[in-house]
$ cat coords-v6.txt   # compact mmCIF, C-alpha atoms and all ligand atoms
# COMPACT_ATOMS: atom_id res chain seq x y z
CA MET W 1 -68.28 30.02 -39.80
CA LEU W 2 -70.62 28.86 -37.03
CA SER W 3 -70.14 25.60 -35.18
CA ALA W 4 -73.08 23.38 -36.14
CA VAL W 5 -71.77 20.39 -34.20
CA PRO W 6 -72.32 20.29 -30.44
CA GLU W 7 -69.02 20.05 -28.60
CA SER W 8 -70.06 16.74 -27.08
CA GLU W 9 -70.20 15.23 -30.57
CA MET W 10 -66.75 16.38 -31.67
CA SER W 11 -64.65 13.32 -32.23
CA ILE W 12 -61.20 13.39 -30.73
CA SER W 13 -61.18 10.08 -28.91
CA GLY W 14 -58.06 8.02 -29.59
CA LYS W 15 -56.32 10.80 -31.54
CA THR W 16 -52.79 11.79 -30.62
CA VAL W 17 -52.59 15.52 -29.90
CA LEU W 18 -49.27 17.27 -29.24
CA ILE W 19 -49.54 20.58 -27.37
CA THR W 20 -46.61 22.90 -26.70
CA GLY W 21 -46.85 25.14 -23.64
CA ALA W 22 -49.19 22.55 -22.13
CA THR W 23 -48.15 23.40 -18.57
CA SER W 24 -49.96 26.72 -18.18
CA GLY W 25 -52.92 28.85 -19.17
CA LEU W 26 -54.51 28.06 -22.48
CA GLY W 27 -52.30 25.05 -23.33
CA LEU W 28 -53.02 23.40 -19.99
CA ALA W 29 -56.78 24.00 -20.28
CA THR W 30 -56.75 22.67 -23.85
CA ALA W 31 -54.83 19.58 -22.72
CA MET W 32 -57.40 18.94 -19.98
CA LEU W 33 -60.42 19.35 -22.28
CA LEU W 34 -58.95 17.10 -24.96
CA ALA W 35 -57.88 14.47 -22.39
CA GLU W 36 -61.42 14.51 -20.99
CA ARG W 37 -62.69 13.68 -24.47
CA GLY W 38 -60.40 10.71 -24.82
CA ALA W 39 -57.50 12.15 -26.81
CA GLU W 40 -54.00 10.85 -26.22
CA VAL W 41 -52.43 14.10 -25.06
CA VAL W 42 -48.72 14.68 -25.56
CA MET W 43 -47.64 17.60 -23.43
CA VAL W 44 -44.50 19.64 -24.09
CA GLY W 45 -43.21 21.55 -21.06
CA ARG W 46 -39.87 23.06 -20.12
CA ASP W 47 -39.63 22.97 -16.33
CA ARG W 48 -39.49 19.40 -15.02
CA THR W 49 -41.16 19.99 -11.66
CA ARG W 50 -43.94 22.19 -13.01
CA ALA W 51 -44.49 19.92 -16.02
CA ASN W 52 -44.68 16.73 -13.91
CA PHE W 53 -47.21 18.38 -11.62
CA MET W 54 -49.35 19.53 -14.57
CA ARG W 55 -49.15 16.12 -16.20
CA THR W 56 -50.67 14.66 -13.02
CA GLU W 57 -53.47 17.25 -13.21
CA VAL W 58 -54.20 16.41 -16.86
CA ALA W 59 -54.08 12.68 -16.03
CA LYS W 60 -56.90 13.19 -13.52
CA CYS W 61 -59.15 14.34 -16.42
CA ALA W 62 -58.08 11.71 -18.95
CA ALA W 63 -60.84 9.46 -20.29
CA GLY W 64 -58.37 7.58 -22.49
CA ASN W 65 -54.61 7.03 -22.36
CA ALA W 66 -52.62 8.88 -19.69
CA PRO W 67 -50.90 12.05 -20.94
CA ILE W 68 -47.27 11.77 -21.99
CA LEU W 69 -44.77 14.50 -21.18
CA PHE W 70 -41.72 15.73 -23.10
CA LEU W 71 -39.41 18.50 -21.93
CA ALA W 72 -37.86 21.08 -24.26
CA ASP W 73 -36.89 24.72 -24.11
CA LEU W 74 -38.41 25.94 -27.37
CA SER W 75 -36.13 28.98 -27.51
CA SER W 76 -33.36 26.54 -28.54
CA GLN W 77 -33.39 25.11 -32.04
CA ALA W 78 -31.17 22.22 -30.87
CA GLU W 79 -33.73 21.29 -28.18
CA ILE W 80 -36.52 21.40 -30.78
CA HIS W 81 -34.54 18.97 -32.95
CA ARG W 82 -33.94 16.66 -29.97
CA LEU W 83 -37.65 16.84 -29.07
CA ALA W 84 -38.62 15.86 -32.62
CA GLU W 85 -36.16 12.95 -32.55
CA ARG W 86 -37.65 11.66 -29.29
CA LEU W 87 -41.19 12.02 -30.67
CA HIS W 88 -40.21 10.01 -33.75
CA GLY W 89 -38.94 7.30 -31.40
CA CYS W 90 -42.31 7.10 -29.63
CA PHE W 91 -45.01 7.73 -32.25
CA SER W 92 -45.77 6.51 -35.74
CA ARG W 93 -48.29 9.34 -36.28
CA ILE W 94 -49.48 12.59 -34.76
CA ASP W 95 -53.07 13.59 -35.55
CA ILE W 96 -52.98 17.14 -34.25
CA LEU W 97 -50.14 19.53 -33.51
CA ILE W 98 -51.03 22.59 -31.42
CA ASN W 99 -48.27 25.21 -31.50
CA ASN W 100 -49.36 27.08 -28.41
CA ALA W 101 -46.27 28.07 -26.38
CA ALA W 102 -45.34 31.74 -26.41
CA ALA W 103 -43.75 34.36 -24.22
CA VAL W 104 -43.07 38.10 -23.93
CA PHE W 105 -39.87 39.77 -22.79
CA ALA W 106 -39.53 43.21 -21.18
CA GLU W 107 -36.18 43.82 -22.89
CA ARG W 108 -34.56 42.45 -26.01
CA GLU W 109 -32.96 39.10 -25.18
CA VAL W 110 -30.96 36.91 -27.55
CA THR W 111 -30.93 33.09 -27.47
CA PRO W 112 -27.70 31.04 -27.75
CA ASP W 113 -28.72 30.60 -31.44
CA GLY W 114 -28.40 34.38 -31.85
CA LEU W 115 -32.15 34.91 -32.28
CA GLU W 116 -34.31 37.50 -30.55
CA LYS W 117 -36.25 35.49 -27.95
CA THR W 118 -39.85 36.49 -28.79
CA PHE W 119 -39.23 35.68 -32.46
CA ALA W 120 -37.45 32.42 -31.51
CA VAL W 121 -40.11 31.05 -29.13
CA ASN W 122 -43.28 32.42 -30.72
CA HIS W 123 -42.48 32.07 -34.44
CA LEU W 124 -39.33 30.10 -35.29
CA ALA W 125 -40.10 27.31 -32.80
CA PRO W 126 -43.51 26.51 -34.39
CA PHE W 127 -41.90 26.84 -37.83
CA ALA W 128 -39.16 24.32 -36.93
CA LEU W 129 -41.32 21.88 -34.94
CA THR W 130 -43.95 21.78 -37.68
CA HIS W 131 -41.29 21.03 -40.30
CA LEU W 132 -39.75 18.29 -38.18
CA LEU W 133 -43.10 16.61 -37.45
CA LEU W 134 -44.67 16.83 -40.91
CA ASP W 135 -44.01 13.17 -41.69
CA LEU W 136 -45.84 12.11 -38.50
CA LEU W 137 -48.76 14.41 -39.38
CA ARG W 138 -48.83 13.00 -42.92
CA ALA W 139 -49.12 9.52 -41.40
CA ALA W 140 -52.44 10.53 -39.76
CA PRO W 141 -55.61 10.17 -41.84
CA ALA W 142 -56.34 13.91 -41.60
CA GLY W 143 -53.61 15.78 -39.71
CA ARG W 144 -54.39 19.20 -38.29
CA ILE W 145 -51.87 21.89 -37.41
CA LEU W 146 -53.06 24.69 -35.13
CA THR W 147 -51.00 27.72 -34.19
CA ALA W 148 -52.01 30.13 -31.43
CA SER W 149 -52.01 33.70 -32.66
CA SER W 150 -53.87 36.76 -31.40
CA GLU W 151 -56.33 39.38 -32.59
CA PHE W 152 -53.64 41.79 -31.40
CA HIS W 153 -51.30 40.94 -34.27
CA SER W 154 -49.36 43.68 -35.98
CA GLY W 155 -50.77 45.28 -39.16
CA GLU W 156 -47.35 45.74 -40.77
CA LEU W 157 -44.07 43.86 -41.00
CA ASP W 158 -40.72 45.63 -41.23
CA PHE W 159 -38.38 42.90 -42.49
CA SER W 160 -35.37 44.97 -41.41
CA ASN W 161 -36.66 44.86 -37.82
CA LEU W 162 -38.02 41.31 -37.74
CA GLN W 163 -36.10 40.54 -34.57
CA GLY W 164 -36.16 44.02 -33.05
CA GLU W 165 -32.64 44.67 -34.35
CA ARG W 166 -33.22 48.37 -34.92
CA GLN W 167 -35.91 49.09 -32.35
CA TYR W 168 -37.40 46.87 -29.64
CA ASN W 169 -40.36 47.07 -27.35
CA TRP W 170 -42.08 44.05 -25.83
CA TRP W 171 -45.56 44.76 -27.16
CA GLY W 172 -44.30 45.44 -30.70
CA ALA W 173 -42.24 42.23 -30.62
CA TYR W 174 -45.23 40.21 -29.37
CA LYS W 175 -47.65 41.64 -31.95
CA ARG W 176 -45.07 40.99 -34.71
CA SER W 177 -44.66 37.37 -33.60
CA LYS W 178 -48.46 36.87 -33.62
CA LEU W 179 -48.58 38.31 -37.17
CA CYS W 180 -45.82 35.83 -38.11
CA ASN W 181 -48.05 33.00 -36.73
CA ILE W 182 -50.83 33.96 -39.15
CA LEU W 183 -48.54 34.47 -42.15
CA PHE W 184 -46.88 31.12 -41.39
CA THR W 185 -50.27 29.39 -41.26
CA CYS W 186 -51.38 30.95 -44.58
CA GLU W 187 -48.19 29.96 -46.39
CA LEU W 188 -48.15 26.50 -44.78
CA SER W 189 -51.73 25.84 -45.87
CA ARG W 190 -50.83 26.82 -49.45
CA ARG W 191 -47.79 24.52 -49.41
CA LEU W 192 -49.89 21.65 -48.01
CA ALA W 193 -52.66 22.08 -50.57
CA GLY W 194 -53.65 18.68 -51.96
CA SER W 195 -52.34 16.85 -48.90
CA THR W 196 -54.41 15.40 -46.06
CA ILE W 197 -53.10 18.02 -43.59
CA THR W 198 -54.84 21.30 -42.76
CA ALA W 199 -53.27 24.32 -41.03
CA ASN W 200 -55.26 26.94 -39.16
CA CYS W 201 -54.60 29.51 -36.47
CA PHE W 202 -56.70 30.92 -33.69
CA SER W 203 -56.92 33.38 -30.85
CA PRO W 204 -58.29 32.36 -27.47
CA GLY W 205 -59.27 36.02 -26.93
CA PRO W 206 -58.07 37.97 -23.87
CA THR W 207 -57.53 35.34 -21.17
CA LEU W 208 -56.30 35.28 -17.59
CA THR W 209 -53.05 33.29 -17.82
CA ARG W 210 -49.40 33.63 -16.74
CA LEU W 211 -48.45 35.41 -19.98
CA GLY W 212 -46.31 38.43 -19.04
CA ASP W 213 -45.75 37.35 -15.43
CA ASN W 214 -42.00 37.05 -16.16
CA MET W 215 -41.71 40.74 -17.06
CA TRP W 216 -40.18 43.39 -14.82
CA GLY W 217 -39.85 47.19 -14.71
CA PRO W 218 -42.42 49.49 -16.40
CA PRO W 219 -43.55 46.90 -19.05
CA ALA W 220 -44.70 44.61 -16.22
CA ALA W 221 -47.33 47.18 -15.20
CA VAL W 222 -49.47 46.51 -18.29
CA PRO W 223 -50.23 42.80 -17.78
CA TRP W 224 -50.33 43.34 -14.00
CA LEU W 225 -53.07 45.97 -14.40
CA LEU W 226 -55.04 44.11 -17.07
CA LYS W 227 -55.15 40.99 -14.91
CA ARG W 228 -56.77 42.96 -12.12
CA ILE W 229 -59.73 44.27 -14.13
CA PRO W 230 -62.58 41.83 -13.52
CA THR W 231 -64.57 40.80 -16.61
CA LEU W 232 -61.83 41.92 -19.02
CA LEU W 233 -60.24 38.49 -19.28
CA ALA W 234 -61.84 35.08 -19.77
CA PHE W 235 -60.73 32.04 -17.79
CA PRO W 236 -58.56 29.54 -19.70
CA GLU W 237 -61.22 26.81 -19.42
CA GLY W 238 -63.61 28.92 -21.49
CA ALA W 239 -61.00 30.30 -23.88
CA ALA W 240 -59.70 26.79 -24.63
CA ARG W 241 -62.98 25.92 -26.31
CA THR W 242 -61.71 27.66 -29.46
CA PRO W 243 -58.58 25.49 -29.95
CA VAL W 244 -60.63 22.42 -28.98
CA TYR W 245 -63.14 23.36 -31.69
CA VAL W 246 -60.45 23.95 -34.32
CA ALA W 247 -58.70 20.69 -33.33
CA SER W 248 -61.73 18.46 -33.33
CA SER W 249 -64.81 19.80 -35.10
CA PRO W 250 -65.90 17.77 -38.13
CA ASP W 251 -67.25 21.10 -39.46
CA LEU W 252 -63.63 21.96 -40.18
CA ASP W 253 -62.68 18.80 -42.10
CA GLY W 254 -60.62 20.06 -45.04
CA VAL W 255 -60.84 23.70 -43.89
CA THR W 256 -57.38 25.28 -44.04
CA GLY W 257 -55.55 28.62 -43.92
CA ARG W 258 -58.11 30.32 -41.66
CA PHE W 259 -58.09 32.26 -38.38
CA PHE W 260 -60.63 31.43 -35.64
CA MET W 261 -61.77 33.31 -32.59
CA ARG W 262 -64.64 32.40 -30.26
CA ARG W 263 -65.15 29.25 -32.39
CA ARG W 264 -65.89 31.26 -35.51
CA GLU W 265 -63.78 32.17 -38.48
CA ALA W 266 -62.64 35.80 -38.18
CA ARG W 267 -60.92 38.29 -40.44
CA THR W 268 -57.34 39.34 -39.75
CA LYS W 269 -55.37 42.47 -40.65
CA GLN W 270 -55.03 43.27 -44.36
CA ILE W 271 -51.34 42.37 -44.51
CA THR W 272 -52.13 38.71 -43.73
CA TYR W 273 -53.85 38.38 -47.12
CA ASP W 274 -50.69 39.43 -48.99
CA ASN W 275 -49.18 36.15 -50.23
CA SER W 276 -45.88 37.82 -51.13
CA VAL W 277 -45.33 38.93 -47.50
CA ALA W 278 -46.08 35.41 -46.26
CA ALA W 279 -43.73 33.87 -48.85
CA ARG W 280 -40.93 36.31 -47.94
CA LEU W 281 -41.30 35.54 -44.22
CA TRP W 282 -41.31 31.82 -45.02
CA ASN W 283 -38.07 32.08 -46.99
CA MET W 284 -36.34 34.12 -44.27
CA SER W 285 -37.55 31.68 -41.59
CA GLN W 286 -36.38 28.70 -43.68
CA THR W 287 -32.90 30.23 -44.00
CA LEU W 288 -32.68 30.85 -40.25
CA TYR W 289 -34.02 27.38 -39.47
CA GLU W 290 -31.58 25.66 -41.85
CA SER W 291 -28.57 27.69 -40.69
CA ARG W 292 -29.31 26.86 -37.02
CA ALA W 293 -29.86 23.19 -37.91
CA SER W 294 -26.52 22.94 -39.71
CA ALA W 295 -24.72 24.85 -36.92
CA GLY W 296 -26.26 22.37 -34.44
CA SER W 297 -25.16 19.31 -36.41
CA ARG W 298 -21.59 20.68 -36.61
CA THR W 299 -21.36 20.99 -32.82
CA GLU W 300 -22.94 17.60 -31.97
N1 LIG U 1 -53.60 35.14 -22.60
C1 LIG U 1 -54.12 35.86 -23.58
O1 LIG U 1 -54.85 36.85 -23.36
C2 LIG U 1 -53.85 35.49 -25.01
C3 LIG U 1 -54.54 36.19 -26.02
C4 LIG U 1 -54.29 35.85 -27.36
C5 LIG U 1 -53.39 34.83 -27.66
N2 LIG U 1 -52.76 34.17 -26.66
C6 LIG U 1 -51.82 33.11 -27.04
O2 LIG U 1 -52.15 31.92 -26.33
C7 LIG U 1 -50.97 31.09 -26.22
C8 LIG U 1 -50.83 30.58 -24.81
O3 LIG U 1 -50.49 31.66 -23.94
P1 LIG U 1 -51.08 31.78 -22.46
O4 LIG U 1 -51.84 33.05 -22.41
O5 LIG U 1 -51.69 30.52 -22.03
O6 LIG U 1 -49.70 32.05 -21.65
P2 LIG U 1 -48.97 31.27 -20.46
O7 LIG U 1 -49.91 30.95 -19.36
O8 LIG U 1 -47.79 32.12 -20.13
O9 LIG U 1 -48.48 29.92 -21.16
C9 LIG U 1 -47.42 29.92 -22.07
C10 LIG U 1 -46.85 28.53 -22.17
O10 LIG U 1 -45.71 28.57 -23.04
C11 LIG U 1 -44.62 27.93 -22.38
N3 LIG U 1 -43.34 28.49 -22.80
C12 LIG U 1 -42.95 29.79 -22.78
N4 LIG U 1 -41.68 29.89 -23.18
C13 LIG U 1 -41.26 28.64 -23.47
C14 LIG U 1 -40.03 28.09 -23.92
N5 LIG U 1 -38.94 28.85 -24.14
N6 LIG U 1 -39.95 26.75 -24.13
C15 LIG U 1 -41.03 25.95 -23.89
N7 LIG U 1 -42.21 26.42 -23.46
C16 LIG U 1 -42.32 27.74 -23.25
C17 LIG U 1 -44.86 28.16 -20.91
O11 LIG U 1 -44.14 27.23 -20.12
P3 LIG U 1 -44.11 27.31 -18.50
O12 LIG U 1 -45.43 26.72 -18.04
O13 LIG U 1 -42.94 26.51 -18.12
O14 LIG U 1 -44.01 28.76 -18.14
C18 LIG U 1 -46.36 28.00 -20.82
O15 LIG U 1 -46.70 26.63 -20.69
C19 LIG U 1 -49.81 31.97 -26.70
O16 LIG U 1 -49.47 31.61 -28.03
C20 LIG U 1 -50.38 33.38 -26.65
O17 LIG U 1 -49.74 34.23 -27.58
C21 LIG U 1 -52.96 34.47 -25.34
$ encode --input "coords-v6.txt" --output "structure tokens" --more "lines below"
Ligand SMILES: NC(=O)c1ccc[n+]([C@@H]2O[C@H](COP(=O)([O-])OP(=O)(O)OC[C@H]3O[C@@H](n4cnc5c(N)ncnc54)[C@H](OP(=O)(O)O)[C@@H]3O)[C@@H](O)[C@H]2O)c1
Amino acid sequence: MLSAVPESEMSISGKTVLITGATSGLGLATAMLLAERGAEVVMVGRDRTRANFMRTEVAKCAAGNAPILFLADLSSQAEIHRLAERLHGCFSRIDILINNAAAVFAEREVTPDGLEKTFAVNHLAPFALTHLLLDLLRAAPAGRILTASSEFHSGELDFSNLQGERQYNWWGAYKRSKLCNILFTCELSRRLAGSTITANCFSPGPTLTRLGDNMWGPPAAVPWLLKRIPTLLAFPEGAARTPVYVASSPDLDGVTGRFFMRRREARTKQITYDNSVAARLWNMSQTLYESRASAGSRTE
């Protein structure tokens, strides 16, 4: 699908847009572009100092309300629940949710919830946050849910190795999580059919960000090298035009369950069109989400 509407005419002014991972790379650039166009930007960060600094940077661009900042470590299901509670205390509706935060890990790490960290941050966090904010999105006239995925998503899904239990490497775990983002979006859009909310995913395309800067040892060499090849990676300001398009273009009113790259709809790997795979992942994610939620409520 081609964008017929010039970016300058995309209407986002006055809408409340929540962006996770809004303190770096693509999320930060998206926050700045949307703030420039008059959106009320709600930034989710995890490091207080970094997040406060970035909020000031976004505020400098804001044409409308000043950006609002919330802190949460999205690898923790309890923190996601606390974040959602605080958001409910502050907002009566959210127009657009952008599940953008993600990370890669050189070695298999497990969160205090007992989840592999790539799976927890990149897939189960958007799954949980979306569930917890659905009522606020329903309160908007036409809520939009965007989830950042990648063209480098996996073409297969081994349910017995969903969290790298049997075999782990950082690239495999990342590609799997980006496949989960697409499958989640497809199943979510089916479950929201008939509602006012749409759900789409996107890739910014290869972009020069901090993704992978936390890695060490041999895996760190890959992002280090890629980031030093001029012309291979776009700058976040350019790459963010895709999520801004998916968030705000009137061309996409009512459009749901699609994947976008370079502001056009794009095809994804064959497995993403298998509804039974998406439904199975949804059910497994739901079980994990509910078991962590009930464990959290027992300890509070
Ligand atoms: N860069 C690319 O080439 C590329 C290509 C395709 C898709 N993508 C996707 O684009 C999205 C944005 O990535 P990026 O490239 O902009 O990477 P980035 O610069 O590393 O930004 C990632 C963001 O996620 C946040 N984050 C990571 N772990 C978190 C946690 N546990 N709790 C809360 N926040 C957390 C980071 O917070 P801090 O600021 O505190 O570190 C940061 O703001 C990701 O979904 C990625 O998969 C990127």
$ closest_residue --input "coords-v6.txt" --among "W:Leu211, W:Leu132, W:Ala39, W:Cys61" --to "ligand LIG 1 (chain U)" --atoms "only C-alpha atoms and all ligand atoms"
W:Leu211
$ closest_residue --input "coords-v6.txt" --among "W:Ala29, W:Ala103, W:Leu74, W:Leu232" --to "W:Arg55" --atoms "all atoms listed in the file"
W:Ala29
$ atom_distance --input "coords-v6.txt" --atom1 "atom CA of W:Asp47" --atom2 "atom P3 of ligand LIG 1 (chain U)"
6.6 Å
$ residues_near_ligand --input "coords-v6.txt" --ligand "ligand LIG 1 (chain U)" --cutoff "6 Å" --atoms "all atoms listed in the file" --output "JSON, numbers by chain"
{"W": [21, 22, 23, 24, 25, 26, 27, 45, 46, 47, 72, 73, 74, 75, 100, 101, 102, 103, 121, 148, 149, 150, 203, 204, 205, 206, 207, 208, 209, 210, 211]}
$ closest_residue --input "coords-v6.txt" --among "W:Ile96, W:Leu133, W:Glu57, W:Asn200" --to "W:Ala84" --atoms "only C-alpha atoms"
W:Leu133
$ atom_distance --input "coords-v6.txt" --atom1 "atom CA of W:Ser248" --atom2 "atom CA of W:Thr130"
18.6 Å
$ closest_residue --input "coords-v6.txt" --among "W:Ser13, W:Asn283, W:Thr30, W:Ser276" --to "W:Val244" --atoms "all atoms listed in the file"
W:Thr30
